[in-house]
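Each remark here refers to the structure printed beneath this line.
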Number of protein chains: 4
Amino acid sequence: MTQHPTPDERRPANDGPKAAARNRAALIAAAREVYAEQGLDAPLSGIARRAGVGQGVLYRHFPDRAAVADAVLEENVREVEQAGAAPGATLAGVLGVLTWHLTESAAFIGLLHPDRTGGRPDDVHAHASALSERVERSLRVHLGDGHRLGASDDLMLAIAMVSGAVTGPTREERERRALAAWRLLGVEVGPVRPFGG
Amino acid sequence: MTQHPTPDERRPANDGPKAAARNRAALIAAAREVYAEQGLDAPLSGIARRAGVGQGVLYRHFPDRAAVADAVLEENVREVEQAGAAPGATLAGVLGVLTWHLTESAAFIGLLHPDRTGGRPDDVHAHASALSERVERSLRVHLGDGHRLGASDDLMLAIAMVSGAVTGPTREERERRALAAWRLLGVEVGPVRPFGG
Amino acid sequence: MTQHPTPDERRPANDGPKAAARNRAALIAAAREVYAEQGLDAPLSGIARRAGVGQGVLYRHFPDRAAVADAVLEENVREVEQAGAAPGATLAGVLGVLTWHLTESAAFIGLLHPDRTGGRPDDVHAHASALSERVERSLRVHLGDGHRLGASDDLMLAIAMVSGAVTGPTREERERRALAAWRLLGVEVGPVRPFGG
Amino acid sequence: MTQHPTPDERRPANDGPKAAARNRAALIAAAREVYAEQGLDAPLSGIARRAGVGQGVLYRHFPDRAAVADAVLEENVREVEQAGAAPGATLAGVLGVLTWHLTESAAFIGLLHPDRTGGRPDDVHAHASALSERVERSLRVHLGDGHRLGASDDLMLAIAMVSGAVTGPTREERERRALAAWRLLGVEVGPVRPFGG
DNA sequence: AATGAATGAGCATTCATTCAT
DNA sequence: TATGAATGAATGCTCATTCAT
């Protein structure tokens with residue numbers, strides 16, 4: 001009774017169901033960019049716009065704000081897992097991939113800063129700890145005996161610390177700082193690049 | 001002229017100029033609490049309410065959102081400076097005070113994460129670098145030759161790293177993590193407490 | 001021409017024209033349930049979902065929201081007509097069937113409250129008066145001379161009054177109130193049940 | 001971080017706190033009109049617009065949709081109470097005032113139809129039963145021994161029944177039907193008019 | 001003939017900021 | 001100088017309706 005009496009006129013293209021997967025990917029990519037530019041609190045409408053879809057599509061794919069961030073994180077984490085599972089993977093190599101995501105993806109940094117503001121209703125960090133564990137597992141298998149970060153929580157702590165160092169307006173600056181941070185921790189890091197990059 | 005000057009209904013007390021300073025302090029204290037509970041994006045109206053003043057007063061003292069955060073930061077930084085200038089001050093001691101603020105004040109952590117989100121209109125981090133320098137100066141004078149963090153940018157980098165580690169819902173948890181982070185960096189830290197505390 | 005005519009991925013079954021009637025019935029049944037649970041303003045998407053069909057099918061059968069409600073009403077009215085046309089039908093008996101629908105079907109109540117909200121764009125009550133007349137005809141033929149409700153508009157007025165009394169969360173409560181209402185009007189009502197029930 | 005960078009330009013009048021009471025009254029009056037025209041589900045924005053205030057003002061005075069309807073109802077009920085408490089009040093007189101509100105105020109009708117749609121989140125009918133009891137009390141004191149509607153629930157049932165009869169596009173038509181309904185119930189009703197009108 | 005994704009207008013709600021008193 | 005009401009833009013979210021497949 002309260003809704004839209006008259007759309008009509010002229011509708012933009014409707015590419016049919018085939019577009020669904022494409023739209024989902026476009027939304028995640030758009031979200032990644034928007035997050036990088038405006039932070040995790042960026043308006044969802046902007047993400048939809050940049051993805052070139054209506055707002056309804058965003059809500060079809062992601063029920064709420066947290067789900068969008070989750071999807072972006074999920075991709076980041078999966079890349080780290082793939083790097084960790086690749087033949088010949090080394091700790092330094094996986095850390096390089098991880099570091100690349102830290103410098104590239106604001107959402108990934110958010111993963112490491114889950115708490116502080118207790119119970120906001122739209123908790124962006126819903127599955128954060130589950131994802132965090134997946135990252136840890138991918139790294140820990142490559143941790144040799146007696147490694148500096150071998151103690152229980154030191155590995156994820158170190159990652160959080162590096163993520164804290166990753167600031168700066170450009171990717172280059174952020175990479176520079178990330179590497180300086182790993183150096184301060186006495187940890188060797190391989191090439192900073194995406195998995196397969 | 002000796003008539004009642006318009007009795008009015010009931011005006012809220014106007015304590016004159018004396019109240020101004022009191023209100024300012026109340027606003028900063030309220031902001032600190034609200035930031036801790038809700039994060040730096042908390043509604044300004046809530047800060048005014050908790051301070052027990054109207055919203056207009058907040059705007060009289062602080063032209064915009066950034067100014068409020070600046071004022072809170074300013075107090076944090078000043079405490080660190082005082083700790084650094086106190087007779088008998090040591091690096092470990094000042095770091096303890098600094099660490100206390102890291103665990104206590106959400107705004108202080110924001111100081112260390114200034115960039116990333118490029119040009120948001122209400123930039124909370126306006127004077128961030130100036131404040132950052134003041135912190136650095138207060139610490140550097142206590143840095144002995146050959147200290148681990150003696151190299152050019154390493155001191156502030158380390159602080160940013162520790163701030164990245166400071167997560168958790170309770171102050172105790174945050175302090176635990178902060179100390180673990182300093183330990184990973186091989187840096188000794190004195191008692192974690194406010195200056196004069 | 002004997003080639004596979006494009007295997008497709010996996011098309012949902014297309015049962016041909018046979019399915020059309022089945023779908024229409026399923027939609028009306030679903031609408032009846034949804035209306036009872038959520039009121040006449042319930043989202044059409046929910047009706048389609050409960051009927052187990054796509055939203056497009058709903059629009060194929062019913063051009064707009066009003067048409068759905070009309071179809072539900074149509075069924076209600078038809079049952080009353082059938083009750084009225086049955087051999088040996090009495091006024092009390094038909095009123096019993098009518099009352100059953102009043103207690104069961106939110107849409108039927110809506111029939112009796114057509115106006116008030118002047119020109120809403122999606123007018124649920126399009127054919128209301130036509131349906132209303134059919135109900136009246138079915139009852140009036142059983143109205144003996146000198147009946148309490150014999151005067152011109154009294155019959156439908158009484159029905160509207162009873163429908164106003166029919167509130168309550170459970171069918172039992174609604175039936176109790178409907179019968180109390182008829183009693184206040186001094187009208188005898190037969191068993192409250194669906195036609196043929 | 002997500003809000004209004006730049007209002008400015010030219011602000012419409014702000015009449016200051018004095019306007020608060022006036023605005024509240026204007027909102028209730030506007031709501032009454034809008035409800036009459038569009039029903040209880042009418043957009044709140046339209047109510048604010050008709051009252052000549054911004055949407056924020058509506059939310060300042062009424063936390064949610066139900067509160068607006070409550071306020072309108074409250075006024076209706078208060079008038080009935082006043083009519084019932086007036087010196088020389090009679091049952092017929094109070095019923096006349098009550099009937100006037102039934103013909104005038106869509107919200108008042110809503111009061112008598114509280115249930116049906118179980119637990120909608122924004123329940124317009126929150127305090128409905130409390131208000132309902134106030135109406136009943138105002139009437140019952142004027143109910144002589146042996147009155148037709150003397151039995152326990154019959155009084156409010158009759159009112160619900162009459163409210164069910166009150167349909168029609170014009171006030172005159174609605175009044176005509178209301179009086180016919182009371183006549184069918186064998187109840188005498190005084191002049192249909194607002195209290196003091 | 002059916003599916004269900006996409007569109008996008010519309011309504012609810014929040015809050016930064018102004019300003020009469 | 002303080003109050004707190006008012007404004008209204010921005011954003012979240014929902015759903016009627018269309019249409020490629």
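Note on naming: chains are A, B, ... as they come in the structure tokens, residues start from 1 per chain, ligands start from 1 in the order shown.
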* Could you give me the residues within range 36-82 of chain B that DSSP places in helix (DSSP H, G or I), as a ChimeraX atom specification? => /B:36-38,44-51,55-61,65-82
Limited to N, CA and C atoms, could you put the picked residues into a file as an mmCIF file, in the first residue's frame?
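Listing of result06.cif after writing:
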data_model
loop_
_atom_site.group_PDB
_atom_site.id
_atom_site.type_symbol
_atom_site.label_atom_id
_atom_site.label_comp_id
_atom_site.auth_asym_id
_atom_site.auth_seq_id
_atom_site.Cartn_x
_atom_site.Cartn_y
_atom_site.Cartn_z
ATOM 1 N N ALA B 36 35.471 5.632 23.660
ATOM 2 C CA ALA B 36 35.873 4.304 24.126
ATOM 3 C C ALA B 36 34.749 3.297 23.933
ATOM 4 N N GLU B 37 33.523 3.761 24.135
ATOM 5 C CA GLU B 37 32.406 2.823 24.074
ATOM 6 C C GLU B 37 31.892 2.588 22.665
ATOM 7 N N GLN B 38 31.905 3.660 21.865
ATOM 8 C CA GLN B 38 31.222 3.554 20.577
ATOM 9 C C GLN B 38 32.136 3.795 19.391
ATOM 10 N N LEU B 44 27.763 13.106 17.796
ATOM 11 C CA LEU B 44 28.162 14.208 18.656
ATOM 12 C C LEU B 44 27.083 14.526 19.684
ATOM 13 N N SER B 45 25.849 14.295 19.306
ATOM 14 C CA SER B 45 24.771 14.609 20.243
ATOM 15 C C SER B 45 24.949 13.822 21.540
ATOM 16 N N GLY B 46 25.402 12.598 21.422
ATOM 17 C CA GLY B 46 25.612 11.786 22.604
ATOM 18 C C GLY B 46 26.721 12.337 23.490
ATOM 19 N N ILE B 47 27.720 12.903 22.874
ATOM 20 C CA ILE B 47 28.802 13.503 23.655
ATOM 21 C C ILE B 47 28.282 14.695 24.429
ATOM 22 N N ALA B 48 27.521 15.531 23.759
ATOM 23 C CA ALA B 48 26.954 16.695 24.442
ATOM 24 C C ALA B 48 26.054 16.234 25.587
ATOM 25 N N ARG B 49 25.239 15.241 25.331
ATOM 26 C CA ARG B 49 24.321 14.782 26.360
ATOM 27 C C ARG B 49 25.074 14.274 27.568
ATOM 28 N N ARG B 50 26.111 13.448 27.304
ATOM 29 C CA ARG B 50 26.840 12.903 28.438
ATOM 30 C C ARG B 50 27.577 13.987 29.207
ATOM 31 N N ALA B 51 27.949 15.036 28.495
ATOM 32 C CA ALA B 51 28.623 16.140 29.181
ATOM 33 C C ALA B 51 27.628 17.005 29.948
ATOM 34 N N GLN B 55 23.687 20.891 22.641
ATOM 35 C CA GLN B 55 24.562 20.650 21.505
ATOM 36 C C GLN B 55 25.234 21.937 21.046
ATOM 37 N N GLY B 56 24.556 23.026 21.261
ATOM 38 C CA GLY B 56 25.139 24.309 20.869
ATOM 39 C C GLY B 56 26.458 24.569 21.563
ATOM 40 N N VAL B 57 26.550 24.155 22.802
ATOM 41 C CA VAL B 57 27.790 24.393 23.552
ATOM 42 C C VAL B 57 28.932 23.623 22.922
ATOM 43 N N LEU B 58 28.636 22.424 22.496
ATOM 44 C CA LEU B 58 29.687 21.646 21.855
ATOM 45 C C LEU B 58 30.227 22.411 20.652
ATOM 46 N N TYR B 59 29.308 22.983 19.883
ATOM 47 C CA TYR B 59 29.737 23.700 18.678
ATOM 48 C C TYR B 59 30.398 25.022 19.016
ATOM 49 N N ARG B 60 30.082 25.584 20.140
ATOM 50 C CA ARG B 60 30.790 26.795 20.548
ATOM 51 C C ARG B 60 32.272 26.479 20.794
ATOM 52 N N HIS B 61 32.509 25.336 21.409
ATOM 53 C CA HIS B 61 33.888 25.007 21.764
ATOM 54 C C HIS B 61 34.644 24.329 20.626
ATOM 55 N N ARG B 65 33.544 17.969 14.087
ATOM 56 C CA ARG B 65 33.845 16.662 14.656
ATOM 57 C C ARG B 65 35.335 16.469 14.905
ATOM 58 N N ALA B 66 36.145 16.931 13.970
ATOM 59 C CA ALA B 66 37.586 16.725 14.112
ATOM 60 C C ALA B 66 38.125 17.460 15.328
ATOM 61 N N ALA B 67 37.586 18.617 15.589
ATOM 62 C CA ALA B 67 38.098 19.417 16.700
ATOM 63 C C ALA B 67 37.886 18.709 18.029
ATOM 64 N N VAL B 68 36.806 17.967 18.138
ATOM 65 C CA VAL B 68 36.550 17.245 19.380
ATOM 66 C C VAL B 68 37.619 16.172 19.570
ATOM 67 N N ALA B 69 37.838 15.402 18.533
ATOM 68 C CA ALA B 69 38.841 14.346 18.634
ATOM 69 C C ALA B 69 40.218 14.951 18.892
ATOM 70 N N ASP B 70 40.502 16.063 18.231
ATOM 71 C CA ASP B 70 41.779 16.734 18.460
ATOM 72 C C ASP B 70 41.965 17.084 19.929
ATOM 73 N N ALA B 71 40.908 17.577 20.524
ATOM 74 C CA ALA B 71 41.025 18.011 21.913
ATOM 75 C C ALA B 71 41.326 16.829 22.826
ATOM 76 N N VAL B 72 40.695 15.712 22.532
ATOM 77 C CA VAL B 72 40.962 14.523 23.345
ATOM 78 C C VAL B 72 42.416 14.091 23.157
ATOM 79 N N LEU B 73 42.837 14.042 21.900
ATOM 80 C CA LEU B 73 44.213 13.679 21.602
ATOM 81 C C LEU B 73 45.191 14.617 22.286
ATOM 82 N N GLU B 74 44.873 15.870 22.185
ATOM 83 C CA GLU B 74 45.746 16.878 22.780
ATOM 84 C C GLU B 74 46.027 16.561 24.248
ATOM 85 N N GLU B 75 44.995 16.171 24.958
ATOM 86 C CA GLU B 75 45.182 15.824 26.362
ATOM 87 C C GLU B 75 46.063 14.588 26.515
ATOM 88 N N ASN B 76 45.831 13.609 25.683
ATOM 89 C CA ASN B 76 46.663 12.405 25.739
ATOM 90 C C ASN B 76 48.123 12.766 25.525
ATOM 91 N N VAL B 77 48.340 13.528 24.459
ATOM 92 C CA VAL B 77 49.716 13.871 24.111
ATOM 93 C C VAL B 77 50.365 14.689 25.221
ATOM 94 N N ARG B 78 49.589 15.585 25.776
ATOM 95 C CA ARG B 78 50.155 16.431 26.829
ATOM 96 C C ARG B 78 50.616 15.583 28.015
ATOM 97 N N GLU B 79 49.850 14.562 28.325
ATOM 98 C CA GLU B 79 50.258 13.694 29.438
ATOM 99 C C GLU B 79 51.580 12.996 29.129
ATOM 100 N N VAL B 80 51.694 12.567 27.881
ATOM 101 C CA VAL B 80 52.948 11.910 27.507
ATOM 102 C C VAL B 80 54.100 12.907 27.601
ATOM 103 N N GLU B 81 53.862 14.111 27.148
ATOM 104 C CA GLU B 81 54.903 15.136 27.239
ATOM 105 C C GLU B 81 55.291 15.393 28.689
ATOM 106 N N GLN B 82 54.297 15.467 29.538
ATOM 107 C CA GLN B 82 54.591 15.713 30.951
ATOM 108 C C GLN B 82 55.406 14.570 31.534
#
Counting only C-alpha atoms, chain C residues within 6 Å of chain D, as a PDB file with C-alpha atoms, in the first residue's frame:
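In the end it all went to iface-v3.pdb:
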ATOM      1  CA  GLU C  37      -0.997 -14.155   8.853  1.00  0.00           C
ATOM      2  CA  GLN C  38       0.253 -10.811   7.690  1.00  0.00           C
ATOM      3  CA  GLY C  39      -2.736  -8.837   6.522  1.00  0.00           C
ATOM      4  CA  ASP C 115     -13.984   2.910   1.216  1.00  0.00           C
ATOM      5  CA  ARG C 116     -12.463   5.214   3.802  1.00  0.00           C
ATOM      6  CA  THR C 117      -9.110   5.414   2.128  1.00  0.00           C
ATOM      7  CA  ALA C 160     -20.544  -5.181   8.101  1.00  0.00           C
ATOM      8  CA  MET C 161     -21.286  -4.793  11.781  1.00  0.00           C
ATOM      9  CA  VAL C 162     -20.491  -8.410  12.527  1.00  0.00           C
ATOM     10  CA  GLY C 164     -16.379  -5.191  12.725  1.00  0.00           C
ATOM     11  CA  ALA C 165     -16.707  -7.410  15.742  1.00  0.00           C
ATOM     12  CA  THR C 167     -11.183  -9.456  15.907  1.00  0.00           C
ATOM     13  CA  GLY C 168      -8.896 -11.615  17.899  1.00  0.00           C
ATOM     14  CA  PRO C 169      -5.748 -13.614  17.352  1.00  0.00           C
ATOM     15  CA  LEU C 185     -28.541  -8.190  16.481  1.00  0.00           C
TER      16      LEU C 185
END
* Structure fact -> Residue with the minimum atom-to-atom distance to chain E, picked from D:Gly84, D:Pro63, D:Gly52, D:Gly144 with only C-alpha atoms (C1' of nucleotides) counted, is D:Pro63
* **d(CA of Leu98 in chain B, CA of Leu179 in chain A) in Å** => 24.2 Å
* Exercise answer, chain F residues close to chain C, 10 Å and only C-alpha atoms (C1' of nucleotides), as a list in words -> DT14, DC15, DA16, DT17, DT18, DC19 and DT21 of chain F
Keeping only N, CA and C atoms (P, O5', C5', C4', C3', O3' and C1' of nucleotides), write the selected residues as a PDB file, in the first residue's frame.
ATOM      1  P    DT F  14      15.255  -5.117   4.537  1.00  0.00           P
ATOM      2  O5'  DT F  14      13.986  -4.594   3.698  1.00  0.00           O
ATOM      3  C5'  DT F  14      13.110  -3.661   4.301  1.00  0.00           C
ATOM      4  C4'  DT F  14      11.988  -3.379   3.351  1.00  0.00           C
ATOM      5  C3'  DT F  14      11.415  -4.619   2.671  1.00  0.00           C
ATOM      6  O3'  DT F  14      10.006  -4.456   2.733  1.00  0.00           O
ATOM      7  C1'  DT F  14      12.083  -3.054   1.034  1.00  0.00           C
ATOM      8  P    DC F  15       9.057  -5.710   2.578  1.00  0.00           P
ATOM      9  O5'  DC F  15       8.707  -5.616   1.039  1.00  0.00           O
ATOM     10  C5'  DC F  15       8.131  -4.392   0.706  1.00  0.00           C
ATOM     11  C4'  DC F  15       7.915  -4.197  -0.739  1.00  0.00           C
ATOM     12  C3'  DC F  15       7.411  -5.413  -1.517  1.00  0.00           C
ATOM     13  O3'  DC F  15       6.435  -4.919  -2.379  1.00  0.00           O
ATOM     14  C1'  DC F  15       9.318  -4.544  -2.541  1.00  0.00           C
ATOM     15  P    DA F  16       5.166  -5.775  -2.703  1.00  0.00           P
ATOM     16  O5'  DA F  16       4.640  -5.124  -4.068  1.00  0.00           O
ATOM     17  C5'  DA F  16       4.351  -3.753  -4.097  1.00  0.00           C
ATOM     18  C4'  DA F  16       4.657  -3.163  -5.467  1.00  0.00           C
ATOM     19  C3'  DA F  16       4.021  -3.907  -6.635  1.00  0.00           C
ATOM     20  O3'  DA F  16       3.621  -2.929  -7.590  1.00  0.00           O
ATOM     21  C1'  DA F  16       6.369  -3.929  -6.889  1.00  0.00           C
ATOM     22  P    DT F  17       2.737  -3.397  -8.798  1.00  0.00           P
ATOM     23  O5'  DT F  17       3.819  -3.650  -9.920  1.00  0.00           O
ATOM     24  C5'  DT F  17       4.645  -2.567 -10.327  1.00  0.00           C
ATOM     25  C4'  DT F  17       5.726  -3.085 -11.232  1.00  0.00           C
ATOM     26  C3'  DT F  17       5.265  -4.047 -12.348  1.00  0.00           C
ATOM     27  O3'  DT F  17       5.565  -3.408 -13.578  1.00  0.00           O
ATOM     28  C1'  DT F  17       7.267  -4.774 -11.355  1.00  0.00           C
ATOM     29  P    DT F  18       5.205  -4.054 -14.931  1.00  0.00           P
ATOM     30  O5'  DT F  18       6.654  -4.399 -15.508  1.00  0.00           O
ATOM     31  C5'  DT F  18       7.630  -3.382 -15.491  1.00  0.00           C
ATOM     32  C4'  DT F  18       8.976  -3.937 -15.925  1.00  0.00           C
ATOM     33  C3'  DT F  18       8.941  -4.705 -17.255  1.00  0.00           C
ATOM     34  O3'  DT F  18      10.095  -4.324 -17.968  1.00  0.00           O
ATOM     35  C1'  DT F  18       9.832  -6.078 -15.591  1.00  0.00           C
ATOM     36  P    DC F  19      10.178  -4.467 -19.513  1.00  0.00           P
ATOM     37  O5'  DC F  19      11.176  -5.697 -19.645  1.00  0.00           O
ATOM     38  C5'  DC F  19      12.379  -5.672 -18.901  1.00  0.00           C
ATOM     39  C4'  DC F  19      13.081  -7.008 -19.034  1.00  0.00           C
ATOM     40  C3'  DC F  19      12.772  -7.763 -20.339  1.00  0.00           C
ATOM     41  O3'  DC F  19      13.954  -8.444 -20.711  1.00  0.00           O
ATOM     42  C1'  DC F  19      12.268  -9.114 -18.530  1.00  0.00           C
ATOM     43  P    DT F  21      19.761 -12.660 -22.444  1.00  0.00           P
ATOM     44  O5'  DT F  21      19.184 -14.055 -21.953  1.00  0.00           O
ATOM     45  C5'  DT F  21      19.582 -14.536 -20.678  1.00  0.00           C
ATOM     46  C4'  DT F  21      18.795 -15.758 -20.337  1.00  0.00           C
ATOM     47  C3'  DT F  21      18.845 -16.865 -21.378  1.00  0.00           C
ATOM     48  O3'  DT F  21      19.790 -17.844 -20.959  1.00  0.00           O
ATOM     49  C1'  DT F  21      16.694 -16.650 -20.348  1.00  0.00           C
TER      50       DT F  21
END
* Asked: Do you have the CA of Pro191 in chain D-CA of Gly96 in chain D distance handy?
  ->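 Computing it gives 5.2 Å between the two atoms.
A least-squares superposition of chain D on chain B, with Cα atoms paired in sequence order, returns an RMSD value of 4.3 Å.
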Can you write out as JSON lines which residues of chain E fall within 9 Å of chain B, alongside each residue's closest atom pair and its distance in Å to one decimal, counting only C-alpha atoms (C1' of nucleotides) and ordering rows by chain and ascending residue number?
{"residue": "E:DC15", "atom": "C1'", "partner": "B:Pro43", "partner_atom": "CA", "distance": 6.8}
{"residue": "E:DA16", "atom": "C1'", "partner": "B:Leu44", "partner_atom": "CA", "distance": 8.0}
{"residue": "E:DT17", "atom": "C1'", "partner": "B:Tyr59", "partner_atom": "CA", "distance": 8.6}
{"residue": "E:DT18", "atom": "C1'", "partner": "B:Gly56", "partner_atom": "CA", "distance": 8.9}
Once you have the residues from the selection above, write them out as a PDB file, in the first residue's frame, restricted to N, CA and C atoms (P, O5', C5', C4', C3', O3' and C1' of nucleotides).
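Output file result21.pdb is given in full below:
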ATOM      1  P    DC E  15      22.749   7.996  14.755  1.00  0.00           P
ATOM      2  O5'  DC E  15      23.204   9.495  14.536  1.00  0.00           O
ATOM      3  C5'  DC E  15      23.155   9.859  13.240  1.00  0.00           C
ATOM      4  C4'  DC E  15      23.791  11.111  12.847  1.00  0.00           C
ATOM      5  C3'  DC E  15      24.313  12.031  13.935  1.00  0.00           C
ATOM      6  O3'  DC E  15      25.301  12.827  13.336  1.00  0.00           O
ATOM      7  C1'  DC E  15      22.463  13.032  12.917  1.00  0.00           C
ATOM      8  P    DA E  16      26.564  13.276  14.173  1.00  0.00           P
ATOM      9  O5'  DA E  16      27.071  14.548  13.360  1.00  0.00           O
ATOM     10  C5'  DA E  16      27.432  14.389  11.997  1.00  0.00           C
ATOM     11  C4'  DA E  16      27.162  15.659  11.220  1.00  0.00           C
ATOM     12  C3'  DA E  16      27.797  16.919  11.791  1.00  0.00           C
ATOM     13  O3'  DA E  16      28.199  17.743  10.697  1.00  0.00           O
ATOM     14  C1'  DA E  16      25.455  17.196  11.747  1.00  0.00           C
ATOM     15  P    DT E  17      29.109  18.991  11.039  1.00  0.00           P
ATOM     16  O5'  DT E  17      28.038  20.153  11.140  1.00  0.00           O
ATOM     17  C5'  DT E  17      27.228  20.436   9.998  1.00  0.00           C
ATOM     18  C4'  DT E  17      26.155  21.413  10.379  1.00  0.00           C
ATOM     19  C3'  DT E  17      26.616  22.629  11.191  1.00  0.00           C
ATOM     20  O3'  DT E  17      26.351  23.771  10.403  1.00  0.00           O
ATOM     21  C1'  DT E  17      24.601  21.756  12.022  1.00  0.00           C
ATOM     22  P    DT E  18      26.699  25.217  10.903  1.00  0.00           P
ATOM     23  O5'  DT E  18      25.234  25.834  11.129  1.00  0.00           O
ATOM     24  C5'  DT E  18      24.266  25.644  10.121  1.00  0.00           C
ATOM     25  C4'  DT E  18      22.928  26.161  10.585  1.00  0.00           C
ATOM     26  C3'  DT E  18      22.941  27.581  11.152  1.00  0.00           C
ATOM     27  O3'  DT E  18      21.792  28.235  10.653  1.00  0.00           O
ATOM     28  C1'  DT E  18      22.011  26.117  12.740  1.00  0.00           C
TER      29       DT E  18
END
* Would you work out the distance separating CA of His142 in chain D from CA of His101 in chain D, expressed in Å to one decimal? =>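 Pair CA of His142 in chain D / CA of His101 in chain D returns 18.9 Å.
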* Asked: Looking at only C-alpha atoms (C1' of nucleotides), which of E:DA6, E:DC11, E:DA1, E:DC19 is the one that sits closest to DA5 in chain F?
  ->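 Closest residue, counting only C-alpha atoms (C1' of nucleotides): E:DC19.
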